[in-house]
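With TSV, C-alpha atoms inside, this is work09.tsv:
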```
chain	number	residue	atom	x	y	z
A	196	MET	CA	28.22	-30.42	-120.67
A	197	PRO	CA	29.62	-33.95	-120.21
A	198	LYS	CA	28.68	-36.79	-122.57
A	199	ASN	CA	25.30	-38.52	-122.12
A	200	PHE	CA	24.38	-36.27	-119.23
A	201	LYS	CA	20.72	-36.66	-118.28
A	202	GLN	CA	19.05	-34.14	-116.04
A	203	GLY	CA	15.48	-34.54	-114.78
A	204	LEU	CA	12.76	-31.94	-114.48
A	205	TYR	CA	13.04	-29.08	-111.96
A	206	SER	CA	16.48	-30.14	-110.75
A	207	ILE	CA	18.90	-27.40	-109.70
A	208	ILE	CA	22.64	-27.75	-110.23
A	209	GLU	CA	24.67	-24.83	-108.95
A	210	GLU	CA	28.06	-23.75	-110.32
A	211	LEU	CA	31.53	-25.39	-110.24
A	212	PHE	CA	30.53	-28.99	-110.79
A	213	THR	CA	32.63	-31.68	-112.49
A	214	PHE	CA	30.68	-34.63	-113.81
A	215	GLY	CA	31.91	-37.70	-115.70
A	216	LYS	CA	30.18	-39.47	-118.58
A	217	ASN	CA	26.70	-41.05	-118.38
A	218	VAL	CA	25.71	-39.24	-115.18
A	219	TYR	CA	22.00	-39.35	-114.45
A	220	ILE	CA	20.33	-36.71	-112.28
A	221	GLY	CA	16.66	-37.29	-111.40
A	222	ASN	CA	13.76	-34.89	-110.93
A	223	TYR	CA	13.73	-32.22	-108.20
A	224	VAL	CA	17.36	-32.83	-107.26
A	225	HIS	CA	19.26	-29.94	-105.70
A	226	ILE	CA	23.05	-29.97	-106.01
A	227	ARG	CA	25.02	-27.18	-104.36
A	228	PRO	CA	28.37	-25.80	-105.69
A	229	ASN	CA	31.71	-27.67	-105.86
A	230	VAL	CA	30.30	-31.17	-106.33
A	231	SER	CA	32.09	-33.81	-108.42
A	232	ILE	CA	30.35	-36.95	-109.63
A	233	GLY	CA	32.12	-39.82	-111.40
A	234	SER	CA	31.09	-41.61	-114.59
A	235	ASN	CA	27.99	-43.88	-114.69
A	236	SER	CA	26.68	-42.57	-111.35
A	237	GLU	CA	22.99	-42.01	-110.71
A	238	ILE	CA	21.29	-39.58	-108.39
A	239	ARG	CA	17.58	-40.26	-108.19
A	240	ASP	CA	14.64	-37.96	-107.49
A	241	TYR	CA	14.37	-35.48	-104.59
A	242	CYS	CA	17.98	-35.90	-103.44
A	243	PHE	CA	19.71	-33.01	-101.78
A	244	ILE	CA	23.48	-32.81	-102.15
A	245	ALA	CA	25.29	-30.07	-100.26
A	246	GLY	CA	28.55	-28.40	-101.28
A	247	ASN	CA	32.06	-29.96	-101.60
A	248	VAL	CA	30.72	-33.50	-101.99
A	249	PHE	CA	32.77	-36.07	-103.92
A	250	ILE	CA	30.99	-39.07	-105.47
A	251	GLY	CA	32.91	-41.85	-107.25
A	252	PHE	CA	31.94	-43.81	-110.36
A	253	ASN	CA	29.15	-46.44	-110.67
A	254	THR	CA	27.55	-45.13	-107.47
A	255	ARG	CA	23.79	-44.99	-107.09
A	256	ILE	CA	22.08	-42.66	-104.65
A	257	TYR	CA	18.37	-43.36	-104.31
A	258	GLN	CA	15.39	-41.08	-103.74
A	259	TYR	CA	15.07	-38.55	-100.86
A	260	SER	CA	18.69	-38.89	-99.66
A	261	ASN	CA	20.41	-35.96	-97.96
A	262	ILE	CA	24.16	-35.88	-98.45
A	263	GLY	CA	25.74	-33.38	-96.06
A	264	TRP	CA	28.51	-30.87	-96.75
A	265	GLY	CA	31.93	-32.42	-97.57
A	266	THR	CA	30.92	-36.09	-97.62
A	267	LYS	CA	33.15	-38.39	-99.70
A	268	ILE	CA	31.52	-41.39	-101.36
A	269	GLY	CA	33.63	-44.03	-103.13
A	270	ASN	CA	33.09	-46.14	-106.23
A	271	ASN	CA	30.39	-48.82	-106.80
A	272	CYS	CA	28.38	-47.75	-103.74
A	273	PHE	CA	24.68	-48.23	-103.14
A	274	ILE	CA	23.10	-45.50	-101.00
A	275	GLY	CA	19.53	-46.51	-100.16
A	276	LEU	CA	16.37	-44.45	-100.12
A	277	GLY	CA	16.27	-41.59	-97.60
A	278	THR	CA	19.81	-41.98	-96.29
A	279	CYS	CA	21.15	-39.01	-94.39
A	280	THR	CA	24.80	-38.11	-93.77
A	281	LEU	CA	25.55	-35.53	-91.07
A	282	ASN	CA	28.66	-33.43	-90.66
A	283	ASP	CA	28.57	-31.37	-87.49
A	284	THR	CA	29.48	-32.69	-84.06
A	285	LYS	CA	28.59	-29.54	-82.17
A	286	ILE	CA	24.93	-29.62	-81.38
A	287	ALA	CA	24.72	-25.97	-80.34
A	288	TYR	CA	23.53	-23.86	-83.24
A	289	PRO	CA	24.54	-21.31	-84.47
A	290	VAL	CA	28.09	-22.43	-83.79
A	291	LYS	CA	30.20	-19.98	-81.83
A	292	GLY	CA	33.62	-19.32	-83.40
A	293	ASN	CA	34.77	-21.17	-86.52
A	294	TRP	CA	32.55	-23.75	-88.12
A	295	GLU	CA	34.65	-26.92	-88.43
A	296	PRO	CA	32.53	-29.67	-89.91
A	297	THR	CA	33.73	-33.28	-89.74
A	298	PRO	CA	32.03	-35.00	-92.66
A	299	PRO	CA	31.86	-38.80	-92.93
A	300	THR	CA	33.72	-40.87	-95.53
A	301	ILE	CA	32.10	-43.75	-97.37
A	302	GLU	CA	34.65	-46.00	-99.09
A	303	ASP	CA	34.27	-48.27	-102.13
A	304	ASN	CA	31.67	-51.06	-102.56
A	305	VAL	CA	29.59	-50.00	-99.55
A	306	ARG	CA	25.87	-50.82	-99.43
A	307	ILE	CA	23.66	-48.71	-97.18
A	308	GLY	CA	20.00	-49.60	-96.54
A	309	ALA	CA	17.02	-47.29	-96.65
A	310	ARG	CA	16.61	-44.47	-94.10
A	311	SER	CA	19.91	-45.04	-92.33
A	312	ILE	CA	21.81	-42.15	-90.78
A	313	ILE	CA	25.60	-41.75	-90.88
A	314	MET	CA	26.87	-39.68	-87.93
A	315	PRO	CA	29.64	-37.04	-88.34
A	316	GLY	CA	33.28	-38.07	-88.78
A	317	ILE	CA	32.57	-41.77	-89.36
A	318	THR	CA	34.53	-43.82	-91.90
A	319	ILE	CA	32.56	-46.64	-93.45
A	320	ALA	CA	35.21	-49.10	-94.58
A	321	GLU	CA	35.35	-50.85	-97.92
A	322	GLY	CA	32.69	-53.51	-98.55
A	323	THR	CA	30.58	-52.79	-95.46
A	324	THR	CA	26.84	-53.50	-95.55
A	325	ILE	CA	24.54	-51.39	-93.39
A	326	GLY	CA	20.97	-52.51	-92.75
A	327	ALA	CA	17.89	-50.38	-93.28
A	328	GLY	CA	17.10	-47.84	-90.56
A	329	SER	CA	20.48	-48.13	-88.83
A	330	ILE	CA	22.23	-45.25	-87.11
A	331	VAL	CA	25.98	-45.63	-87.65
A	332	THR	CA	27.84	-44.12	-84.68
A	333	LYS	CA	31.26	-45.85	-84.92
A	334	ASN	CA	33.77	-46.66	-87.64
A	335	THR	CA	33.03	-49.95	-89.33
A	336	ILE	CA	35.29	-52.92	-90.14
A	337	SER	CA	35.67	-53.73	-93.80
A	338	GLY	CA	33.42	-56.46	-95.23
A	339	LYS	CA	31.07	-56.78	-92.22
A	340	THR	CA	27.34	-56.18	-91.76
A	341	TYR	CA	25.92	-53.68	-89.26
A	342	VAL	CA	22.29	-53.20	-88.17
A	343	GLY	CA	20.35	-51.30	-85.50
A	344	LEU	CA	20.34	-48.23	-83.27
A	345	PRO	CA	23.26	-47.82	-82.66
A	346	ALA	CA	24.53	-50.02	-85.52
A	347	ARG	CA	26.09	-53.28	-84.27
A	348	LEU	CA	28.03	-56.02	-86.01
A	349	ILE	CA	25.77	-58.96	-86.81
A	350	LYS	CA	27.86	-61.24	-89.03
A	351	GLU	CA	31.33	-62.53	-88.28
B	129	MET	CA	15.95	-12.66	-85.32
B	130	SER	CA	13.80	-15.00	-87.29
B	131	TYR	CA	13.70	-18.68	-88.06
B	132	THR	CA	15.48	-20.61	-90.85
B	133	VAL	CA	13.90	-23.31	-92.98
B	134	GLU	CA	16.03	-25.23	-95.51
B	135	GLU	CA	15.29	-27.16	-98.71
B	136	TYR	CA	12.59	-29.85	-99.10
B	137	VAL	CA	10.97	-29.12	-95.72
B	138	VAL	CA	7.25	-29.91	-95.55
B	139	LEU	CA	5.50	-27.21	-93.51
B	140	ARG	CA	1.78	-27.89	-93.09
B	141	PRO	CA	-0.69	-25.07	-92.23
B	142	ASP	CA	-1.00	-23.44	-88.76
B	143	VAL	CA	2.58	-24.23	-87.77
B	144	THR	CA	4.04	-21.87	-85.14
B	145	ILE	CA	7.83	-21.45	-85.14
B	146	GLY	CA	9.73	-19.35	-82.59
B	147	ASP	CA	12.63	-16.96	-83.18
B	148	GLY	CA	16.08	-18.42	-83.83
B	149	THR	CA	14.79	-21.89	-84.69
B	150	VAL	CA	16.57	-23.81	-87.46
B	151	ILE	CA	14.78	-26.47	-89.47
B	152	LYS	CA	17.20	-28.43	-91.67
B	153	CYS	CA	16.48	-30.09	-95.00
B	154	ALA	CA	13.67	-32.62	-95.59
B	155	ALA	CA	12.07	-32.31	-92.14
B	156	ILE	CA	8.30	-32.88	-92.00
B	157	ILE	CA	6.29	-30.58	-89.72
B	158	GLY	CA	2.61	-31.56	-89.37
B	159	THR	CA	-0.47	-29.34	-89.17
B	160	GLY	CA	-0.71	-27.16	-86.04
B	161	VAL	CA	2.67	-28.13	-84.59
B	162	THR	CA	4.17	-25.57	-82.18
B	163	ILE	CA	7.96	-25.13	-82.03
B	164	GLY	CA	9.52	-22.78	-79.46
B	165	GLU	CA	12.51	-20.45	-79.68
B	166	ASN	CA	16.13	-21.46	-80.50
B	167	CYS	CA	15.23	-25.04	-81.38
B	168	PHE	CA	17.17	-27.17	-83.88
B	169	ILE	CA	15.30	-29.65	-86.03
B	170	ALA	CA	17.87	-31.86	-87.83
B	171	PRO	CA	17.41	-33.37	-91.34
B	172	GLN	CA	14.55	-35.78	-91.94
B	173	ALA	CA	12.95	-35.35	-88.50
B	174	MET	CA	9.18	-35.87	-88.44
B	175	LEU	CA	6.86	-33.97	-86.08
B	176	LEU	CA	3.47	-35.57	-86.69
B	177	HIS	CA	-0.08	-34.36	-85.98
B	178	MET	CA	-2.62	-37.02	-87.00
B	179	ARG	CA	-3.46	-40.13	-85.01
B	180	PRO	CA	-4.52	-43.33	-86.77
B	181	ASP	CA	-8.10	-42.78	-85.53
B	182	GLY	CA	-8.28	-39.47	-87.41
B	183	LYS	CA	-8.02	-37.12	-84.41
B	184	SER	CA	-5.55	-34.29	-84.77
B	185	LYS	CA	-3.18	-33.90	-81.82
B	186	PRO	CA	-0.22	-31.78	-82.88
B	187	VAL	CA	3.20	-32.05	-81.30
B	188	VAL	CA	4.28	-29.24	-78.95
B	189	ILE	CA	8.00	-28.45	-78.67
B	190	LYS	CA	9.11	-25.89	-76.07
B	191	ASP	CA	12.19	-23.62	-76.26
B	192	ASN	CA	15.83	-24.83	-76.69
B	193	VAL	CA	15.07	-28.34	-77.91
B	194	PHE	CA	17.41	-30.34	-80.18
B	195	VAL	CA	15.65	-32.91	-82.34
B	196	GLY	CA	18.19	-35.22	-84.04
B	197	ALA	CA	18.26	-36.54	-87.58
B	198	GLY	CA	15.50	-38.96	-88.56
B	199	VAL	CA	13.61	-38.62	-85.25
B	200	ILE	CA	9.89	-39.41	-85.30
B	201	VAL	CA	7.80	-37.56	-82.70
B	202	LEU	CA	4.37	-39.19	-82.46
B	203	PRO	CA	1.15	-37.11	-82.32
B	204	GLY	CA	0.17	-35.45	-79.03
B	205	VAL	CA	3.64	-35.49	-77.49
B	206	THR	CA	4.95	-32.46	-75.58
B	207	ILE	CA	8.72	-32.01	-75.26
B	208	CYS	CA	9.98	-29.77	-72.45
B	209	SER	CA	12.68	-27.14	-72.90
B	210	GLY	CA	16.36	-28.13	-72.87
B	211	THR	CA	15.81	-31.65	-74.17
B	212	ILE	CA	18.18	-33.38	-76.61
B	213	ILE	CA	16.73	-36.21	-78.69
B	214	GLY	CA	19.34	-38.39	-80.38
B	215	ALA	CA	19.33	-39.38	-84.04
B	216	GLY	CA	16.87	-42.05	-85.15
B	217	SER	CA	14.81	-42.05	-81.95
B	218	ILE	CA	11.06	-42.44	-81.72
B	219	VAL	CA	9.33	-40.28	-79.08
B	220	ASN	CA	6.02	-41.82	-77.99
B	221	ARG	CA	5.47	-40.20	-74.56
B	222	ASN	CA	5.60	-36.70	-73.12
B	223	ILE	CA	9.05	-35.62	-72.00
B	224	ASP	CA	8.79	-33.61	-68.77
B	225	GLU	CA	12.41	-33.65	-67.54
B	226	PRO	CA	15.23	-31.99	-69.51
B	227	GLY	CA	18.04	-34.33	-70.49
B	228	THR	CA	19.28	-36.53	-73.35
B	229	TYR	CA	16.97	-39.17	-74.74
B	230	VAL	CA	17.87	-41.86	-77.30
B	231	GLY	CA	16.30	-45.06	-78.60
B	232	ARG	CA	13.20	-46.68	-80.04
B	233	PRO	CA	11.15	-45.79	-77.96
B	234	CYS	CA	13.40	-43.11	-76.51
B	235	ARG	CA	14.88	-43.48	-73.01
B	236	ARG	CA	16.81	-41.06	-70.84
B	237	ILE	CA	20.56	-41.66	-71.03
B	238	SER	CA	22.15	-38.57	-69.47
B	239	ASN	CA	21.55	-35.17	-67.90
B	240	LYS	CA	23.18	-33.22	-70.72
B	241	VAL	CA	21.01	-30.26	-71.68
B	242	TYR	CA	20.87	-28.35	-74.98
B	243	THR	CA	22.12	-24.80	-74.57
B	244	PRO	CA	22.28	-22.90	-77.87
```

Represent the structure from my file as C-alpha coordinates, please.
Amino acid sequence: MPKNFKQGLYSIIEELFTFGKNVYIGNYVHIRPNVSIGSNSEIRDYCFIAGNVFIGFNTRIYQYSNIGWGTKIGNNCFIGLGTCTLNDTKIAYPVKGNWEPTPPTIEDNVRIGARSIIMPGITIAEGTTIGAGSIVTKNTISGKTYVGLPARLIKE
Amino acid sequence: MSYTVEEYVVLRPDVTIGDGTVIKCAAIIGTGVTIGENCFIAPQAMLLHMRPDGKSKPVVIKDNVFVGAGVIVLPGVTICSGTIIGAGSIVNRNIDEPGTYVGRPCRRISNKVYTP
(Lines of atoms letter the chains of each structure in order from A and count residues from 1; the text may use other names and numbers.)
(Lines give C-alpha, C1' and ligand atoms only; values in the text may rest on other atoms or scores of the structure.)
Protein backbone atom coordinates (compact mmCIF):
# COMPACT_ATOMS: atom_id res chain seq x y z
CA MET A 1 0.00 0.00 0.00
CA PRO A 2 1.23 3.56 -0.71
CA LYS A 3 2.20 5.92 2.11
CA ASN A 4 -0.57 7.72 4.06
CA PHE A 5 -3.27 6.01 2.04
CA LYS A 6 -6.70 6.58 3.56
CA GLN A 7 -9.64 4.51 2.47
CA GLY A 8 -13.19 5.14 3.70
CA LEU A 9 -15.82 2.63 4.74
CA TYR A 10 -17.41 0.27 2.20
CA SER A 11 -15.28 1.53 -0.68
CA ILE A 12 -14.29 -0.99 -3.36
CA ILE A 13 -10.95 -0.74 -5.17
CA GLU A 14 -10.43 -3.39 -7.80
CA GLU A 15 -7.03 -4.71 -8.94
CA LEU A 16 -4.14 -3.08 -10.88
CA PHE A 17 -4.21 0.36 -9.33
CA THR A 18 -1.23 2.69 -8.89
CA PHE A 19 -1.67 5.37 -6.26
CA GLY A 20 0.77 8.05 -5.10
CA LYS A 21 1.31 9.27 -1.54
CA ASN A 22 -1.40 10.87 0.64
CA VAL A 23 -4.29 9.66 -1.52
CA TYR A 24 -7.67 9.92 0.17
CA ILE A 25 -10.59 7.71 -0.89
CA GLY A 26 -13.96 8.44 0.73
CA ASN A 27 -16.81 6.17 1.78
CA TYR A 28 -18.76 4.03 -0.71
CA VAL A 29 -16.36 4.80 -3.57
CA HIS A 30 -16.10 2.23 -6.35
CA ILE A 31 -12.90 2.20 -8.41
CA ARG A 32 -12.63 -0.26 -11.28
CA PRO A 33 -9.32 -1.86 -12.47
CA ASN A 34 -6.36 -0.06 -14.09
CA VAL A 35 -6.81 3.31 -12.38
CA SER A 36 -3.86 5.53 -11.45
CA ILE A 37 -4.17 8.40 -9.01
CA GLY A 38 -1.39 10.90 -8.29
CA SER A 39 -0.12 12.09 -4.91
CA ASN A 40 -2.27 14.31 -2.64
CA SER A 41 -5.45 13.63 -4.64
CA GLU A 42 -8.82 13.20 -2.98
CA ILE A 43 -11.82 11.23 -4.10
CA ARG A 44 -14.82 11.93 -1.92
CA ASP A 45 -17.83 9.81 -1.01
CA TYR A 46 -20.05 7.88 -3.47
CA CYS A 47 -17.81 8.50 -6.49
CA PHE A 48 -17.74 5.95 -9.25
CA ILE A 49 -14.55 5.68 -11.28
CA ALA A 50 -14.54 3.32 -14.24
CA GLY A 51 -11.52 1.49 -15.66
CA ASN A 52 -8.37 2.96 -17.31
CA VAL A 53 -8.81 6.38 -15.69
CA PHE A 54 -5.75 8.55 -15.06
CA ILE A 55 -5.91 11.23 -12.35
CA GLY A 56 -3.01 13.65 -11.72
CA PHE A 57 -1.72 15.02 -8.43
CA ASN A 58 -3.46 17.55 -6.12
CA THR A 59 -6.78 16.84 -7.84
CA ARG A 60 -10.01 16.78 -5.88
CA ILE A 61 -13.09 14.92 -7.07
CA TYR A 62 -16.16 15.68 -4.99
CA GLN A 63 -19.13 13.54 -3.96
CA TYR A 64 -21.37 11.58 -6.37
CA SER A 65 -19.18 12.11 -9.46
CA ASN A 66 -19.14 9.54 -12.25
CA ILE A 67 -15.88 9.37 -14.16
CA GLY A 68 -16.32 7.33 -17.33
CA TRP A 69 -13.98 4.73 -18.83
CA GLY A 70 -10.61 6.10 -20.04
CA THR A 71 -10.98 9.71 -18.87
CA LYS A 72 -7.71 11.59 -18.27
CA ILE A 73 -7.68 14.25 -15.56
CA GLY A 74 -4.65 16.52 -15.08
CA ASN A 75 -3.01 18.05 -12.03
CA ASN A 76 -4.52 20.58 -9.56
CA CYS A 77 -8.06 20.08 -10.89
CA PHE A 78 -11.31 20.67 -9.05
CA ILE A 79 -14.14 18.37 -10.15
CA GLY A 80 -17.37 19.52 -8.50
CA LEU A 81 -20.13 17.51 -6.91
CA GLY A 82 -22.03 15.15 -9.22
CA THR A 83 -19.95 15.76 -12.34
CA CYS A 84 -20.35 13.17 -15.06
CA THR A 85 -17.91 12.39 -17.88
CA LEU A 86 -19.21 10.34 -20.81
CA ASN A 87 -17.21 8.34 -23.32
CA ASP A 88 -19.40 6.88 -26.04
CA THR A 89 -20.58 8.80 -29.09
CA LYS A 90 -22.76 6.04 -30.48
CA ILE A 91 -26.13 6.26 -28.86
CA ALA A 92 -27.33 2.86 -30.06
CA TYR A 93 -26.77 0.26 -27.37
CA PRO A 94 -25.52 -2.46 -27.38
CA VAL A 95 -22.97 -1.24 -29.91
CA LYS A 96 -22.74 -3.31 -33.07
CA GLY A 97 -19.15 -4.24 -34.01
CA ASN A 98 -16.18 -2.99 -32.00
CA TRP A 99 -16.70 -0.73 -29.04
CA GLU A 100 -14.49 2.32 -29.62
CA PRO A 101 -14.99 4.77 -26.78
CA THR A 102 -13.75 8.35 -27.14
CA PRO A 103 -13.17 9.52 -23.58
CA PRO A 104 -12.72 13.21 -22.72
CA THR A 105 -9.47 14.78 -21.53
CA ILE A 106 -9.34 17.29 -18.70
CA GLU A 107 -6.04 19.18 -18.58
CA ASP A 108 -4.28 20.87 -15.64
CA ASN A 109 -5.78 23.55 -13.34
CA VAL A 110 -9.35 23.05 -14.58
CA ARG A 111 -12.29 23.89 -12.31
CA ILE A 112 -15.62 22.21 -13.02
CA GLY A 113 -18.81 23.21 -11.18
CA ALA A 114 -21.37 20.93 -9.62
CA ARG A 115 -23.53 18.60 -11.76
CA SER A 116 -21.90 19.48 -15.07
CA ILE A 117 -21.63 16.92 -17.84
CA ILE A 118 -18.60 16.50 -20.12
CA MET A 119 -19.58 14.98 -23.49
CA PRO A 120 -17.42 12.31 -25.21
CA GLY A 121 -14.15 13.24 -26.94
CA ILE A 122 -13.96 16.78 -25.53
CA THR A 123 -10.66 18.33 -24.44
CA ILE A 124 -10.99 20.83 -21.64
CA ALA A 125 -7.94 23.04 -22.01
CA GLU A 126 -5.64 24.17 -19.23
CA GLY A 127 -7.09 26.67 -16.75
CA THR A 128 -10.69 26.52 -17.99
CA THR A 129 -13.53 27.21 -15.55
CA ILE A 130 -16.88 25.53 -16.15
CA GLY A 131 -19.98 26.75 -14.32
CA ALA A 132 -22.35 24.57 -12.34
CA GLY A 133 -24.88 22.56 -14.35
CA SER A 134 -23.19 23.15 -17.71
CA ILE A 135 -23.14 20.62 -20.53
CA VAL A 136 -19.79 20.89 -22.32
CA THR A 137 -20.25 19.93 -25.99
CA LYS A 138 -17.21 21.58 -27.63
CA ASN A 139 -13.50 21.89 -26.91
CA THR A 140 -12.71 24.83 -24.68
CA ILE A 141 -10.10 27.59 -24.99
CA SER A 142 -7.53 27.74 -22.24
CA GLY A 143 -8.17 30.17 -19.38
CA LYS A 144 -11.79 31.03 -20.25
CA THR A 145 -15.10 30.53 -18.44
CA TYR A 146 -17.99 28.52 -19.89
CA VAL A 147 -21.59 28.25 -18.61
CA GLY A 148 -24.93 26.86 -19.79
CA LEU A 149 -26.60 24.24 -21.97
CA PRO A 150 -24.69 23.94 -24.27
CA ALA A 151 -21.73 25.59 -22.49
CA ARG A 152 -20.88 29.02 -23.95
CA LEU A 153 -18.00 31.40 -23.38
CA ILE A 154 -18.99 34.15 -20.97
CA LYS A 155 -15.76 36.00 -20.18
CA GLU A 156 -13.31 37.39 -22.69
CA MET B 1 -32.79 -11.11 -22.73
CA SER B 2 -33.07 -9.16 -19.55
CA TYR B 3 -32.29 -5.68 -18.37
CA THR B 4 -28.99 -4.28 -17.00
CA VAL B 5 -28.68 -2.00 -13.99
CA GLU B 6 -25.27 -0.57 -13.03
CA GLU B 7 -23.74 0.76 -9.80
CA TYR B 8 -25.35 3.33 -7.48
CA VAL B 9 -28.73 3.23 -9.24
CA VAL B 10 -31.71 4.04 -7.01
CA LEU B 11 -34.61 1.75 -7.93
CA ARG B 12 -37.75 2.50 -5.90
CA PRO B 13 -40.54 -0.11 -5.48
CA ASP B 14 -43.03 -1.09 -8.24
CA VAL B 15 -40.69 -0.15 -11.07
CA THR B 16 -41.35 -2.00 -14.35
CA ILE B 17 -38.38 -2.42 -16.70
CA GLY B 18 -38.63 -4.02 -20.16
CA ASP B 19 -36.24 -6.49 -21.79
CA GLY B 20 -32.95 -5.17 -23.17
CA THR B 21 -33.08 -1.92 -21.22
CA VAL B 22 -29.80 -0.53 -19.86
CA ILE B 23 -29.73 1.74 -16.82
CA LYS B 24 -26.28 3.27 -16.29
CA CYS B 25 -24.68 4.30 -13.01
CA ALA B 26 -26.28 6.69 -10.49
CA ALA B 27 -29.65 7.00 -12.26
CA ILE B 28 -32.66 7.60 -10.01
CA ILE B 29 -35.88 5.75 -10.89
CA GLY B 30 -38.90 6.78 -8.80
CA THR B 31 -41.72 4.63 -7.40
CA GLY B 32 -44.02 3.06 -10.02
CA VAL B 33 -42.08 4.26 -13.06
CA THR B 34 -42.60 2.18 -16.22
CA ILE B 35 -39.73 1.76 -18.69
CA GLY B 36 -40.28 -0.09 -21.99
CA GLU B 37 -38.03 -2.43 -23.95
CA ASN B 38 -34.56 -1.59 -25.37
CA CYS B 39 -34.35 1.78 -23.62
CA PHE B 40 -31.09 3.42 -22.55
CA ILE B 41 -31.01 5.48 -19.37
CA ALA B 42 -27.65 7.32 -19.22
CA PRO B 43 -25.76 8.18 -15.98
CA GLN B 44 -27.41 10.45 -13.43
CA ALA B 45 -30.78 10.65 -15.21
CA MET B 46 -33.76 11.17 -12.90
CA LEU B 47 -37.22 9.73 -13.61
CA LEU B 48 -39.38 11.21 -10.85
CA HIS B 49 -42.75 10.15 -9.43
CA MET B 50 -43.87 12.58 -6.71
CA ARG B 51 -45.39 16.00 -7.32
CA PRO B 52 -44.82 18.84 -4.84
CA ASP B 53 -48.47 18.53 -3.72
CA GLY B 54 -47.86 14.93 -2.61
CA LYS B 55 -49.71 13.16 -5.45
CA SER B 56 -47.84 10.31 -7.06
CA LYS B 57 -47.75 10.44 -10.87
CA PRO B 58 -45.00 8.17 -12.13
CA VAL B 59 -43.19 8.71 -15.40
CA VAL B 60 -44.05 6.36 -18.29
CA ILE B 61 -41.34 5.63 -20.88
CA LYS B 62 -42.29 3.57 -23.95
CA ASP B 63 -39.97 1.30 -25.99
CA ASN B 64 -36.69 2.41 -27.69
CA VAL B 65 -36.18 5.64 -25.78
CA PHE B 66 -32.75 7.20 -25.14
CA VAL B 67 -32.57 9.34 -22.01
CA GLY B 68 -29.29 11.31 -21.91
CA ALA B 69 -26.98 11.97 -18.99
CA GLY B 70 -28.32 14.19 -16.21
CA VAL B 71 -31.84 14.44 -17.69
CA ILE B 72 -34.68 15.22 -15.29
CA VAL B 73 -38.09 13.86 -16.31
CA LEU B 74 -40.78 15.52 -14.20
CA PRO B 75 -43.66 13.51 -12.65
CA GLY B 76 -46.58 12.46 -14.86
CA VAL B 77 -44.73 12.78 -18.17
CA THR B 78 -45.17 10.14 -20.88
CA ILE B 79 -42.41 9.75 -23.48
CA CYS B 80 -43.33 8.04 -26.76
CA SER B 81 -41.21 5.37 -28.42
CA GLY B 82 -38.19 6.34 -30.54
CA THR B 83 -37.46 9.57 -28.68
CA ILE B 84 -33.93 10.83 -27.97
CA ILE B 85 -33.53 13.25 -25.06
CA GLY B 86 -30.20 15.09 -25.01
CA ALA B 87 -27.93 15.40 -22.00
CA GLY B 88 -28.92 17.84 -19.26
CA SER B 89 -32.47 18.41 -20.51
CA ILE B 90 -35.55 18.84 -18.37
CA VAL B 91 -38.73 17.19 -19.69
CA ASN B 92 -41.85 18.91 -18.32
CA ARG B 93 -44.51 17.93 -20.90
CA ASN B 94 -45.65 14.75 -22.60
CA ILE B 95 -43.69 13.88 -25.72
CA ASP B 96 -46.05 12.48 -28.38
CA GLU B 97 -43.90 12.73 -31.53
CA PRO B 98 -40.67 10.75 -31.93
CA GLY B 99 -37.58 12.87 -32.54
CA THR B 100 -34.65 14.52 -30.74
CA TYR B 101 -35.37 16.87 -27.87
CA VAL B 102 -32.83 19.05 -26.04
CA GLY B 103 -32.95 21.96 -23.62
CA ARG B 104 -34.39 23.31 -20.38
CA PRO B 105 -37.34 22.81 -20.89
CA CYS B 106 -36.72 20.43 -23.77
CA ARG B 107 -37.59 21.42 -27.35
CA ARG B 108 -37.62 19.42 -30.56
CA ILE B 109 -34.45 19.98 -32.60
CA SER B 110 -34.46 17.21 -35.23
CA ASN B 111 -36.25 14.15 -36.58
CA LYS B 112 -33.48 11.72 -35.63
CA VAL B 113 -34.97 8.64 -33.98
CA TYR B 114 -33.32 6.17 -31.59
CA THR B 115 -32.96 2.74 -33.17
CA PRO B 116 -31.07 0.29 -30.95

### Message
When you look at B:Tyr131 with a cut-off of 12 Å (counting all atoms listed in the file), what residues show up, excluding the ones that are within fewer than 2 positions of it in the same chain? I need them as a count of residues only.
### Response
20

### Task
Residues of chain B near chain A: apply a cut-off of 10 Å, count all atoms listed in the file, and supply the list as JSON, numbers by chain.
{"B": [135, 136, 148, 149, 150, 153, 154, 166, 167, 168, 170, 171, 172, 192, 194, 195, 196, 197, 198, 212, 215, 216, 217, 230, 231, 232, 242, 243, 244]}

### Query
Residues at most 7 Å from A:Glu237, counting all atoms listed in the file, excluding those fewer than 6 positions away in the same chain, as a list in words?
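Counting only the stated atoms, we get Val218, Tyr219, Ile220, Thr254, Arg255 and Ile256 of chain A.
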
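Across the model, the gap from atom CA of B:Ala173 to atom CA of A:Ile319 is 23.2 Å.
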
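Using only C-alpha atoms, the nearest neighbour of A:Ile238 within the list A:Gln258, A:Asn282, A:Asn270, A:Thr323 is A:Gln258.
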
### Task
Point out the residue among A:Pro298, A:Ile232, A:Gly316, A:Gly322 with the least atom-to-atom distance to A:Gly251, counting all atoms listed in the file.
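With all atoms listed in the file as the atom set, the closest residue is A:Ile232.
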
### Query
Using only C-alpha atoms, which residue out of A:Gly292, A:Gly275, A:Gly269, A:Gly308 lies closest to A:Glu321?
A:Gly269

All residues 6 Å or closer to A:Cys272, all atoms listed in the file, same chain fewer than 6 positions away omitted, as a CSV table (one decimal) with C-alpha atoms, in the frame of the given file:
```csv
chain,number,residue,atom,x,y,z
A,254,THR,CA,27.6,-45.1,-107.5
A,304,ASN,CA,31.7,-51.1,-102.6
A,305,VAL,CA,29.6,-50.0,-99.6
A,306,ARG,CA,25.9,-50.8,-99.4
```

#### Entry: Length of the atom CA of A:Asp303 to atom CA of A:Ile317 vector [Å]
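Interatomic distance, atom CA of A:Asp303 to atom CA of A:Ile317: 14.4 Å.
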
### Task
Go ahead and compute the interatomic distance for atom CA of A:Lys216 and atom CA of A:Ala320, in Å to one decimal.
26.3 Å

### Task
Would you mind listing what lies within 8 Å of B:Asp142 as a ChimeraX atom specification, with all atoms listed in the file counted and same-chain residues fewer than 2 positions away left out?
/B:140,144,159-161

### Query
Skipping near chain neighbours, those fewer than 2 positions away, what residues fall within 6 Å of A:Phe212 using only C-alpha atoms, listed as a list in words?
Glu210, Asn229, Val230 and Ser231 of chain A

### Query
If I put a ball of radius 8 Å at (34.7, -36.6, -111.4) in the file's coordinates, which residues poke into it when counting all atoms listed in the file, written as JSON, numbers by chain?
{"A": [213, 214, 215, 231, 232, 233, 234, 249, 250, 251, 252]}

### Message
My list of candidates is B:Ile223, B:Gly214, B:Pro203, B:Val138. Which is closest to B:Ile237 when distances are computed with all atoms listed in the file?
### Response
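Ranked by minimum distance to B:Ile237, first place goes to B:Gly214.
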